[in-house]
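For reference, input-v6.pdb is printed below; it contains PDB, C-alpha atoms.
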ATOM      1  CA  MET A   1      11.119 -24.006  -5.918
ATOM      2  CA  HIS A   2      10.007 -27.467  -6.923
ATOM      3  CA  ARG A   3       9.354 -28.276  -3.272
ATOM      4  CA  PHE A   4       6.340 -25.970  -3.451
ATOM      5  CA  ALA A   5       5.262 -27.177  -6.865
ATOM      6  CA  ASN A   6       3.354 -30.194  -5.593
ATOM      7  CA  PRO A   7      -0.402 -29.427  -5.574
ATOM      8  CA  ALA A   8      -1.044 -31.331  -2.324
ATOM      9  CA  ARG A   9       1.739 -29.450  -0.546
ATOM     10  CA  PHE A  10       0.532 -26.183  -2.059
ATOM     11  CA  LEU A  11      -2.976 -26.796  -0.690
ATOM     12  CA  ARG A  12      -1.558 -27.611   2.767
ATOM     13  CA  ILE A  13       0.574 -24.456   2.928
ATOM     14  CA  ALA A  14      -2.251 -22.383   1.446
ATOM     15  CA  SER A  15      -4.778 -23.503   4.049
ATOM     16  CA  ALA A  16      -2.271 -22.752   6.841
ATOM     17  CA  ILE A  17      -1.634 -19.144   5.757
ATOM     18  CA  TYR A  18      -5.183 -18.451   4.545
ATOM     19  CA  PRO A  19      -6.605 -17.182   7.891
ATOM     20  CA  TRP A  20      -3.585 -14.876   8.374
ATOM     21  CA  LEU A  21      -4.021 -13.467   4.894
ATOM     22  CA  ALA A  22      -7.726 -12.895   5.527
ATOM     23  CA  GLY A  23      -6.955 -11.095   8.814
ATOM     24  CA  VAL A  24      -4.273  -8.855   7.318
ATOM     25  CA  CYS A  25      -6.489  -8.114   4.307
ATOM     26  CA  ILE A  26      -9.542  -7.106   6.334
ATOM     27  CA  LEU A  27      -7.546  -5.024   8.838
ATOM     28  CA  SER A  28      -5.481  -3.176   6.246
ATOM     29  CA  LEU A  29      -8.486  -2.470   4.011
ATOM     30  CA  ALA A  30     -10.522  -1.219   7.001
ATOM     31  CA  ALA A  31      -7.675   1.012   8.190
ATOM     32  CA  GLY A  32      -6.932   2.016   4.603
ATOM     33  CA  LEU A  33     -10.544   3.097   4.015
ATOM     34  CA  TRP A  34     -10.613   5.025   7.287
ATOM     35  CA  PHE A  35      -7.430   6.905   6.401
ATOM     36  CA  SER A  36      -8.275   7.467   2.752
ATOM     37  CA  LEU A  37     -11.825   8.713   3.331
ATOM     38  CA  CYS A  38     -11.709  10.317   6.792
ATOM     39  CA  ALA A  39      -8.326  10.710   8.408
ATOM     40  CA  SER A  40      -6.275  12.252   5.620
ATOM     41  CA  PRO A  41      -6.180  15.837   4.395
ATOM     42  CA  ALA A  42      -7.443  17.138   1.062
ATOM     43  CA  ASP A  43      -4.710  18.016  -1.427
ATOM     44  CA  TYR A  44      -3.818  21.703  -1.873
ATOM     45  CA  GLN A  45      -4.215  21.375  -5.658
ATOM     46  CA  GLN A  46      -6.541  18.414  -6.218
ATOM     47  CA  GLY A  47      -8.810  19.020  -3.230
ATOM     48  CA  GLU A  48     -10.839  15.971  -2.183
ATOM     49  CA  THR A  49     -10.223  14.173  -5.493
ATOM     50  CA  VAL A  50      -6.881  13.065  -4.049
ATOM     51  CA  ARG A  51      -8.951  10.361  -2.319
ATOM     52  CA  LEU A  52      -9.340   8.676  -5.700
ATOM     53  CA  MET A  53      -5.579   8.139  -5.688
ATOM     54  CA  TYR A  54      -5.771   5.740  -2.752
ATOM     55  CA  VAL A  55      -7.695   3.362  -5.004
ATOM     56  CA  HIS A  56      -6.156   4.326  -8.331
ATOM     57  CA  VAL A  57      -2.445   3.944  -7.529
ATOM     58  CA  PRO A  58      -2.598   0.603  -5.638
ATOM     59  CA  ALA A  59      -4.952  -0.749  -8.341
ATOM     60  CA  ALA A  60      -2.416   0.239 -11.012
ATOM     61  CA  TRP A  61       0.377  -1.472  -9.061
ATOM     62  CA  MET A  62      -1.756  -4.604  -8.800
ATOM     63  CA  GLY A  63      -2.595  -4.514 -12.520
ATOM     64  CA  MET A  64       1.107  -4.534 -13.373
ATOM     65  CA  SER A  65       2.322  -6.901 -10.646
ATOM     66  CA  CYS A  66      -0.424  -9.439 -11.408
ATOM     67  CA  TYR A  67       0.566  -9.362 -15.072
ATOM     68  CA  THR A  68       4.213  -9.872 -14.122
ATOM     69  CA  ALA A  69       3.241 -12.811 -11.902
ATOM     70  CA  MET A  70       1.113 -14.226 -14.729
ATOM     71  CA  ALA A  71       4.034 -13.967 -17.168
ATOM     72  CA  VAL A  72       6.418 -15.659 -14.689
ATOM     73  CA  PHE A  73       3.924 -18.483 -14.055
ATOM     74  CA  SER A  74       3.408 -18.845 -17.818
ATOM     75  CA  ALA A  75       7.169 -19.077 -18.424
ATOM     76  CA  MET A  76       7.457 -21.735 -15.707
ATOM     77  CA  ALA A  77       4.516 -23.632 -17.211
ATOM     78  CA  LEU A  78       6.010 -23.535 -20.723
ATOM     79  CA  ILE A  79       9.583 -24.402 -19.677
ATOM     80  CA  TRP A  80       9.005 -27.004 -16.931
ATOM     81  CA  LYS A  81       5.466 -27.962 -17.999
ATOM     82  CA  HIS A  82       4.434 -27.755 -14.406
ATOM     83  CA  PRO A  83       0.621 -27.856 -14.020
ATOM     84  CA  LEU A  84       0.625 -25.835 -10.771
ATOM     85  CA  ALA A  85       2.423 -22.880 -12.415
ATOM     86  CA  ASP A  86      -0.055 -22.987 -15.294
ATOM     87  CA  LEU A  87      -2.988 -23.041 -12.928
ATOM     88  CA  LEU A  88      -1.656 -20.163 -10.790
ATOM     89  CA  GLY A  89      -1.227 -18.086 -13.934
ATOM     90  CA  ARG A  90      -4.861 -18.668 -14.863
ATOM     91  CA  ALA A  91      -5.958 -17.927 -11.288
ATOM     92  CA  THR A  92      -4.110 -14.584 -11.415
ATOM     93  CA  ALA A  93      -5.682 -13.265 -14.621
ATOM     94  CA  PRO A  94      -9.169 -12.251 -13.364
ATOM     95  CA  VAL A  95      -7.699 -10.462 -10.328
ATOM     96  CA  GLY A  96      -5.306  -8.513 -12.532
ATOM     97  CA  ALA A  97      -8.091  -7.678 -14.970
ATOM     98  CA  ALA A  98     -10.361  -6.444 -12.157
ATOM     99  CA  PHE A  99      -7.664  -4.173 -10.707
ATOM    100  CA  THR A 100      -6.718  -2.850 -14.154
ATOM    101  CA  LEU A 101     -10.364  -2.002 -14.815
ATOM    102  CA  LEU A 102     -10.585  -0.313 -11.404
ATOM    103  CA  CYS A 103      -7.441   1.662 -12.222
ATOM    104  CA  LEU A 104      -8.840   2.817 -15.589
ATOM    105  CA  VAL A 105     -12.233   3.797 -14.176
ATOM    106  CA  SER A 106     -10.822   5.563 -11.098
ATOM    107  CA  GLY A 107      -8.378   7.416 -13.350
ATOM    108  CA  SER A 108     -11.229   8.464 -15.588
ATOM    109  CA  LEU A 109     -13.254   9.669 -12.597
ATOM    110  CA  TRP A 110     -10.245  11.753 -11.518
ATOM    111  CA  GLY A 111      -9.494  12.987 -15.037
ATOM    112  CA  LYS A 112     -12.924  14.516 -15.614
ATOM    113  CA  PRO A 113     -12.769  17.077 -12.772
ATOM    114  CA  MET A 114      -8.983  17.616 -12.878
ATOM    115  CA  TRP A 115      -8.047  17.458 -16.576
ATOM    116  CA  GLY A 116     -11.509  18.231 -17.932
ATOM    117  CA  ALA A 117     -11.710  14.943 -19.884
ATOM    118  CA  TRP A 118     -12.791  11.399 -19.047
ATOM    119  CA  TRP A 119     -10.154  10.004 -21.345
ATOM    120  CA  VAL A 120      -7.119  11.185 -23.322
ATOM    121  CA  TRP A 121      -5.006   9.046 -25.665
ATOM    122  CA  ASP A 122      -1.966   9.565 -23.516
ATOM    123  CA  ALA A 123       0.871   6.982 -23.490
ATOM    124  CA  ARG A 124       0.248   5.893 -19.893
ATOM    125  CA  LEU A 125      -3.521   5.583 -20.320
ATOM    126  CA  THR A 126      -3.288   3.817 -23.670
ATOM    127  CA  SER A 127      -0.698   1.287 -22.486
ATOM    128  CA  MET A 128      -2.845   0.557 -19.416
ATOM    129  CA  LEU A 129      -5.873  -0.018 -21.679
ATOM    130  CA  ILE A 130      -3.764  -2.456 -23.717
ATOM    131  CA  LEU A 131      -2.894  -4.264 -20.467
ATOM    132  CA  PHE A 132      -6.618  -4.682 -19.788
ATOM    133  CA  PHE A 133      -7.160  -6.135 -23.280
ATOM    134  CA  LEU A 134      -4.195  -8.478 -22.784
ATOM    135  CA  TYR A 135      -5.853  -9.853 -19.657
ATOM    136  CA  LEU A 136      -9.135 -10.340 -21.531
ATOM    137  CA  GLY A 137      -7.316 -11.995 -24.438
ATOM    138  CA  TYR A 138      -5.457 -14.312 -22.068
ATOM    139  CA  MET A 139      -8.675 -15.402 -20.339
ATOM    140  CA  ALA A 140     -10.553 -15.878 -23.628
ATOM    141  CA  LEU A 141      -7.708 -17.830 -25.218
ATOM    142  CA  SER A 142      -7.171 -20.188 -22.283
ATOM    143  CA  ASN A 143     -10.827 -21.286 -22.559
ATOM    144  CA  ALA A 144     -11.063 -21.283 -26.354
ATOM    145  CA  PHE A 145     -10.049 -24.884 -27.078
ATOM    146  CA  ASP A 146     -11.862 -28.191 -26.516
ATOM    147  CA  ASP A 147      -8.570 -29.598 -25.258
ATOM    148  CA  PRO A 148      -7.871 -27.330 -22.242
ATOM    149  CA  SER A 149      -4.103 -27.884 -22.312
ATOM    150  CA  ARG A 150      -3.839 -26.404 -25.820
ATOM    151  CA  GLY A 151      -5.694 -23.279 -24.752
ATOM    152  CA  HIS A 152      -3.540 -22.957 -21.650
ATOM    153  CA  LYS A 153      -0.377 -23.173 -23.722
ATOM    154  CA  ALA A 154      -1.579 -20.582 -26.238
ATOM    155  CA  ALA A 155      -2.583 -18.243 -23.401
ATOM    156  CA  ALA A 156       0.804 -18.680 -21.702
ATOM    157  CA  ILE A 157       2.543 -17.635 -24.920
ATOM    158  CA  LEU A 158       0.272 -14.586 -25.178
ATOM    159  CA  ALA A 159       1.109 -13.666 -21.563
ATOM    160  CA  LEU A 160       4.844 -13.801 -22.330
ATOM    161  CA  VAL A 161       4.592 -11.797 -25.550
ATOM    162  CA  GLY A 162       2.349  -9.229 -23.871
ATOM    163  CA  PHE A 163       4.818  -8.752 -21.024
ATOM    164  CA  VAL A 164       6.663  -6.258 -23.234
ATOM    165  CA  ASN A 165       3.817  -3.866 -22.350
ATOM    166  CA  VAL A 166       4.661  -3.800 -18.616
ATOM    167  CA  PRO A 167       7.945  -1.825 -18.818
ATOM    168  CA  VAL A 168       6.259   0.394 -21.411
ATOM    169  CA  ILE A 169       3.572   1.261 -18.840
ATOM    170  CA  LYS A 170       6.113   1.808 -16.059
ATOM    171  CA  TRP A 171       8.330   4.186 -18.020
ATOM    172  CA  SER A 172       5.714   5.699 -20.357
ATOM    173  CA  VAL A 173       5.624   8.814 -18.200
ATOM    174  CA  ASP A 174       9.389   9.271 -18.627
ATOM    175  CA  TRP A 175       9.711   8.271 -22.293
ATOM    176  CA  TRP A 176       6.934  10.449 -23.655
ATOM    177  CA  ASN A 177       5.499  13.822 -22.835
ATOM    178  CA  THR A 178       2.363  12.677 -21.113
ATOM    179  CA  LEU A 179      -0.464  14.385 -19.339
ATOM    180  CA  HIS A 180      -0.223  11.713 -16.645
ATOM    181  CA  GLN A 181       2.017  12.717 -13.758
ATOM    182  CA  PRO A 182       5.298  10.851 -13.190
ATOM    183  CA  ALA A 183       5.883   8.408 -10.326
ATOM    184  CA  SER A 184       5.899   9.913  -6.859
ATOM    185  CA  VAL A 185       6.203   6.799  -4.662
ATOM    186  CA  LEU A 186       8.299   4.188  -6.476
ATOM    187  CA  LYS A 187      11.154   6.394  -7.622
ATOM    188  CA  ARG A 188      14.779   7.068  -6.930
ATOM    189  CA  GLY A 189      15.354   9.135  -3.795
ATOM    190  CA  GLY A 190      12.255   7.791  -2.050
ATOM    191  CA  PRO A 191       8.630   8.866  -2.115
ATOM    192  CA  SER A 192       7.911  12.552  -2.520
ATOM    193  CA  ILE A 193       4.468  12.565  -0.934
ATOM    194  CA  ASP A 194       3.531  13.477   2.605
ATOM    195  CA  PRO A 195       3.214  10.650   5.184
ATOM    196  CA  SER A 196      -0.442  11.619   5.766
ATOM    197  CA  MET A 197      -1.121  10.559   2.159
ATOM    198  CA  LEU A 198       1.459   7.783   1.974
ATOM    199  CA  ILE A 199      -0.144   5.883   4.905
ATOM    200  CA  PRO A 200      -3.568   5.343   3.251
ATOM    201  CA  LEU A 201      -1.859   4.548  -0.042
ATOM    202  CA  LEU A 202       0.332   1.833   1.467
ATOM    203  CA  LEU A 203      -2.472   0.384   3.624
ATOM    204  CA  MET A 204      -4.681   0.013   0.556
ATOM    205  CA  ALA A 205      -1.756  -1.507  -1.349
ATOM    206  CA  VAL A 206      -1.252  -4.138   1.397
ATOM    207  CA  GLY A 207      -5.004  -4.821   1.418
ATOM    208  CA  PHE A 208      -5.101  -5.295  -2.363
ATOM    209  CA  GLN A 209      -2.003  -7.514  -2.346
ATOM    210  CA  THR A 210      -3.334  -9.840   0.371
ATOM    211  CA  TYR A 211      -6.703  -9.878  -1.404
ATOM    212  CA  TYR A 212      -4.873 -11.147  -4.485
ATOM    213  CA  PHE A 213      -3.269 -13.969  -2.486
ATOM    214  CA  ILE A 214      -6.654 -14.947  -1.021
ATOM    215  CA  VAL A 215      -8.378 -15.114  -4.415
ATOM    216  CA  LEU A 216      -5.329 -16.878  -5.869
ATOM    217  CA  ILE A 217      -5.632 -19.628  -3.233
ATOM    218  CA  LEU A 218      -9.404 -19.958  -3.743
ATOM    219  CA  ARG A 219      -9.134 -20.152  -7.525
ATOM    220  CA  ALA A 220      -6.211 -22.562  -7.318
ATOM    221  CA  ARG A 221      -8.282 -24.814  -5.043
ATOM    222  CA  GLY A 222     -11.096 -24.778  -7.607
ATOM    223  CA  GLU A 223      -8.708 -25.490 -10.485
ATOM    224  CA  ILE A 224      -6.955 -28.354  -8.656
ATOM    225  CA  ALA A 225     -10.310 -29.984  -7.828
ATOM    226  CA  GLY A 226     -11.421 -29.432 -11.443
ATOM    227  CA  ALA A 227      -8.301 -31.133 -12.791
ATOM    228  CA  LYS A 228      -8.857 -34.131 -10.486
ATOM    229  CA  ILE A 229     -12.494 -34.363 -11.627
ATOM    230  CA  ARG A 230     -11.362 -34.374 -15.259
ATOM    231  CA  THR A 231      -8.827 -37.152 -14.561
ATOM    232  CA  ILE A 232     -11.459 -39.333 -12.856
ATOM    233  CA  ARG A 233     -13.965 -38.762 -15.672
ATOM    234  CA  MET A 234     -11.362 -39.647 -18.296
ATOM    235  CA  ALA A 235     -10.503 -42.836 -16.396
ATOM    236  CA  GLN A 236     -14.218 -43.719 -16.233
ATOM    237  CA  VAL A 237     -14.705 -43.161 -19.963
ATOM    238  CA  HIS A 238     -11.579 -45.219 -20.638
ATOM    239  CA  ALA A 239     -12.750 -48.056 -18.372
ATOM    240  CA  ALA A 240     -16.231 -48.030 -19.964
ATOM    241  CA  GLY A 241     -14.621 -48.216 -23.420
ATOM    242  CA  GLN A 242     -12.548 -51.223 -22.424
ATOM    243  CA  GLY A 243     -15.498 -52.968 -20.761
ATOM    244  CA  GLU A 244     -17.518 -53.088 -23.978
TER     245      GLU A 244
ATOM    246  CA  MET B 245     -21.799  13.678  13.968
ATOM    247  CA  SER B 246     -24.393  16.245  12.980
ATOM    248  CA  THR B 247     -26.383  15.892   9.752
ATOM    249  CA  ASP B 248     -24.352  18.796   8.331
ATOM    250  CA  SER B 249     -21.041  17.060   8.762
ATOM    251  CA  VAL B 250     -22.483  13.799   7.400
ATOM    252  CA  GLY B 251     -23.693  15.730   4.346
ATOM    253  CA  ALA B 252     -20.287  17.375   3.989
ATOM    254  CA  PHE B 253     -18.600  13.981   4.227
ATOM    255  CA  PHE B 254     -20.709  12.551   1.398
ATOM    256  CA  ALA B 255     -20.382  15.719  -0.687
ATOM    257  CA  MET B 256     -16.570  15.428  -0.572
ATOM    258  CA  GLY B 257     -16.081  19.103  -1.375
ATOM    259  CA  GLY B 258     -18.348  18.789  -4.423
ATOM    260  CA  TYR B 259     -16.434  15.777  -5.793
ATOM    261  CA  GLY B 260     -18.624  13.098  -4.191
ATOM    262  CA  GLY B 261     -20.049  12.186  -7.599
ATOM    263  CA  TYR B 262     -16.561  11.154  -8.705
ATOM    264  CA  ILE B 263     -15.196   9.661  -5.484
ATOM    265  CA  TRP B 264     -18.080   7.411  -4.363
ATOM    266  CA  PRO B 265     -18.598   5.590  -7.698
ATOM    267  CA  CYS B 266     -14.886   4.719  -7.651
ATOM    268  CA  TYR B 267     -15.012   3.193  -4.142
ATOM    269  CA  LEU B 268     -18.298   1.476  -4.996
ATOM    270  CA  LEU B 269     -16.851  -0.108  -8.148
ATOM    271  CA  GLY B 270     -13.814  -1.255  -6.160
ATOM    272  CA  ALA B 271     -16.049  -2.902  -3.551
ATOM    273  CA  VAL B 272     -18.287  -4.540  -6.188
ATOM    274  CA  LEU B 273     -15.350  -5.896  -8.216
ATOM    275  CA  MET B 274     -13.439  -7.208  -5.211
ATOM    276  CA  LEU B 275     -16.425  -8.751  -3.416
ATOM    277  CA  GLY B 276     -17.864 -10.136  -6.657
ATOM    278  CA  LEU B 277     -14.651 -11.875  -7.659
ATOM    279  CA  LEU B 278     -14.140 -13.181  -4.121
ATOM    280  CA  VAL B 279     -17.649 -14.664  -3.934
ATOM    281  CA  LEU B 280     -17.435 -16.193  -7.436
ATOM    282  CA  SER B 281     -14.045 -17.758  -6.677
ATOM    283  CA  LEU B 282     -15.208 -19.108  -3.318
ATOM    284  CA  LYS B 283     -18.404 -20.577  -4.795
ATOM    285  CA  ALA B 284     -16.569 -22.204  -7.710
ATOM    286  CA  ALA B 285     -13.948 -23.721  -5.387
ATOM    287  CA  ARG B 286     -16.581 -25.126  -3.015
ATOM    288  CA  ALA B 287     -18.749 -26.496  -5.842
ATOM    289  CA  ARG B 288     -15.840 -28.300  -7.496
ATOM    290  CA  GLU B 289     -14.501 -29.671  -4.216
ATOM    291  CA  ALA B 290     -17.969 -31.024  -3.385
ATOM    292  CA  GLU B 291     -18.268 -32.571  -6.857
ATOM    293  CA  LEU B 292     -14.824 -34.181  -6.477
ATOM    294  CA  GLU B 293     -15.734 -35.576  -3.075
ATOM    295  CA  ALA B 294     -18.966 -37.081  -4.451
ATOM    296  CA  LEU B 295     -17.095 -38.566  -7.381
ATOM    297  CA  GLN B 296     -14.350 -40.041  -5.200
ATOM    298  CA  GLY B 297     -16.959 -41.378  -2.790
ATOM    299  CA  SER B 298     -18.870 -43.166  -5.550
ATOM    300  CA  ARG B 299     -15.627 -44.557  -6.944
ATOM    301  CA  GLN B 300     -14.637 -45.974  -3.574
ATOM    302  CA  ASP B 301     -18.118 -47.508  -3.187
ATOM    303  CA  ARG B 302     -17.829 -49.193  -6.539
ATOM    304  CA  ALA B 303     -14.334 -50.472  -5.772
ATOM    305  CA  ARG B 304     -15.609 -51.888  -2.479
ATOM    306  CA  ARG B 305     -18.597 -53.548  -4.179
ATOM    307  CA  ARG B 306     -16.340 -54.996  -6.849
ATOM    308  CA  ALA B 307     -13.997 -56.369  -4.182
ATOM    309  CA  ALA B 308     -16.978 -57.843  -2.332
ATOM    310  CA  SER B 309     -18.326 -59.540  -5.468
ATOM    311  CA  VAL B 310     -14.894 -61.005  -6.199
ATOM    312  CA  GLU B 311     -14.804 -62.377  -2.644
ATOM    313  CA  GLU B 312     -18.284 -63.846  -3.150
ATOM    314  CA  ALA B 313     -17.311 -65.510  -6.420
ATOM    315  CA  ARG B 314     -14.280 -67.078  -4.762
ATOM    316  CA  SER B 315     -16.174 -68.575  -1.839
TER     317      SER B 315
END
Could you quickly redo this structure as structure tokens?
Amino acid sequence: MHRFANPARFLRIASAIYPWLAGVCILSLAAGLWFSLCASPADYQQGETVRLMYVHVPAAWMGMSCYTAMAVFSAMALIWKHPLADLLGRATAPVGAAFTLLCLVSGSLWGKPMWGAWWVWDARLTSMLILFFLYLGYMALSNAFDDPSRGHKAAAILALVGFVNVPVIKWSVDWWNTLHQPASVLKRGGPSIDPSMLIPLLLMAVGFQTYYFIVLILRARGEIAGAKIRTIRMAQVHAAGQGE
Amino acid sequence: MSTDSVGAFFAMGGYGGYIWPCYLLGAVLMLGLLVLSLKAARAREAELEALQGSRQDRARRRAASVEEARS
């Protein structure tokens, strides 16, 4: 693990896989859009609104998996004090927040015609809203201190404490009587949806996942350069202070 | 495709008003975040390069002036 923890090596590996990620992302999103909007049937109950699911479900997966990644990076940053882990955690947060927002809005757009309400205070919906606020809190906290490292540490602790929400989201549909339907893809006994609907769902999921890796690399590049700039500036201030 | 079938495609069985905003928001969020991240990375890398360049210049000048003082 520590072999990949060196920023220079990370940047080298990242730039090698970047074009492959971009290719897979573009192809799977293009195919995913074609299948979800054109080449898949309408649902016998939901009609055409089933097409919202091809955005909603992968976005929900991303919201939860990004948070899990952020919590793992935060734990690594707190335990081993490794700057790369810390920086990857911060690079993950906006992607997770964007997908969680997309999940909430797409769910709302599906809920209005199907349930008759934009929003209900159901366990699944409420815990997902809390996830969104946790992302916002994490991002606000990591930038809230003059000394960046203090903010990063506080945010990492928040990410770890907030992780308790992730299993709550996952099993909320089983623990409580919710309006939200239970899992139909990631469940014991395999997916219970037709291949014609599973294909667009999985293509979009691959597209979203590779998109996350692309943005993660870009943001990590920015953060690594930013950290180097800070170090040089500090050295300059220090040298100027000594020169007087 | 005839205009009828194009219209039917965008109407989405009467649910177009729910489906298209969702796909539009997805596109805006994903493209927006991608562009912001790319711009920030490029700007900082350029700033770092300029800073490192000026540092190297100064180091070279300092070395040259030391050489001059010695001779």
Determine, counting all atoms listed in the file, every residue of protein, DNA or RNA that lies within 9 Å of (-4.1, 5.0, -3.7) in the file coordinates, then give the result as a tab-separated table (two decimals) with C-alpha atoms, in the frame of the given file.
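Output file result25.tsv is given in full below:
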chain	number	residue	atom	x	y	z
A	36	SER	CA	-8.28	7.47	2.75
A	50	VAL	CA	-6.88	13.06	-4.05
A	51	ARG	CA	-8.95	10.36	-2.32
A	52	LEU	CA	-9.34	8.68	-5.70
A	53	MET	CA	-5.58	8.14	-5.69
A	54	TYR	CA	-5.77	5.74	-2.75
A	55	VAL	CA	-7.70	3.36	-5.00
A	56	HIS	CA	-6.16	4.33	-8.33
A	57	VAL	CA	-2.44	3.94	-7.53
A	58	PRO	CA	-2.60	0.60	-5.64
A	59	ALA	CA	-4.95	-0.75	-8.34
A	60	ALA	CA	-2.42	0.24	-11.01
A	197	MET	CA	-1.12	10.56	2.16
A	198	LEU	CA	1.46	7.78	1.97
A	200	PRO	CA	-3.57	5.34	3.25
A	201	LEU	CA	-1.86	4.55	-0.04
A	202	LEU	CA	0.33	1.83	1.47
A	203	LEU	CA	-2.47	0.38	3.62
A	204	MET	CA	-4.68	0.01	0.56
A	205	ALA	CA	-1.76	-1.51	-1.35
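The shell of residues at most 7 Å from range 260-275 of chain B, with all atoms listed in the file counted and near chain neighbours (fewer than 6 positions) removed, consists of Thr49, Leu52, Ala98, Leu102, Ser106, Leu109 and Trp110 of chain A; Phe254 of chain B.
Taking CA of Glu311 in chain B and CA of Gln236 in chain A as the two end points, the separation is 23.1 Å.
Using only C-alpha atoms, the residues found no farther than 8 Å from Leu88 in chain A, other than those of its own chain fewer than 3 positions away, are A:Met70, A:Phe73, A:Leu84, A:Ala85, A:Ala91, A:Thr92, A:Leu216, A:Ala220.
The coordinates place CA of Ala155 in chain A at 9.6 Å from CA of Gly89 in chain A.
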Counting only C-alpha atoms, give me one row per residue of chain B with an atom at most 6 Å from an atom of chain A, showing the shortest contact pair and its distance in Å to one decimal, sorted by chain then residue number, as a tab-separated table.
residue	atom	partner	partner_atom	distance
B:Met256	CA	A:Glu48	CA	6.0
B:Tyr262	CA	A:Leu109	CA	5.3
B:Ile263	CA	A:Leu52	CA	5.9
B:Cys266	CA	A:Ser106	CA	5.4
B:Ser281	CA	A:Arg219	CA	5.5
B:Leu282	CA	A:Leu218	CA	5.9
B:Ala285	CA	A:Gly222	CA	3.8
B:Arg288	CA	A:Ala225	CA	5.8
B:Glu289	CA	A:Ala225	CA	5.5
B:Leu292	CA	A:Ile229	CA	5.7
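You will find CA of Tyr138 in chain A at 15.0 Å from CA of Val166 in chain A.
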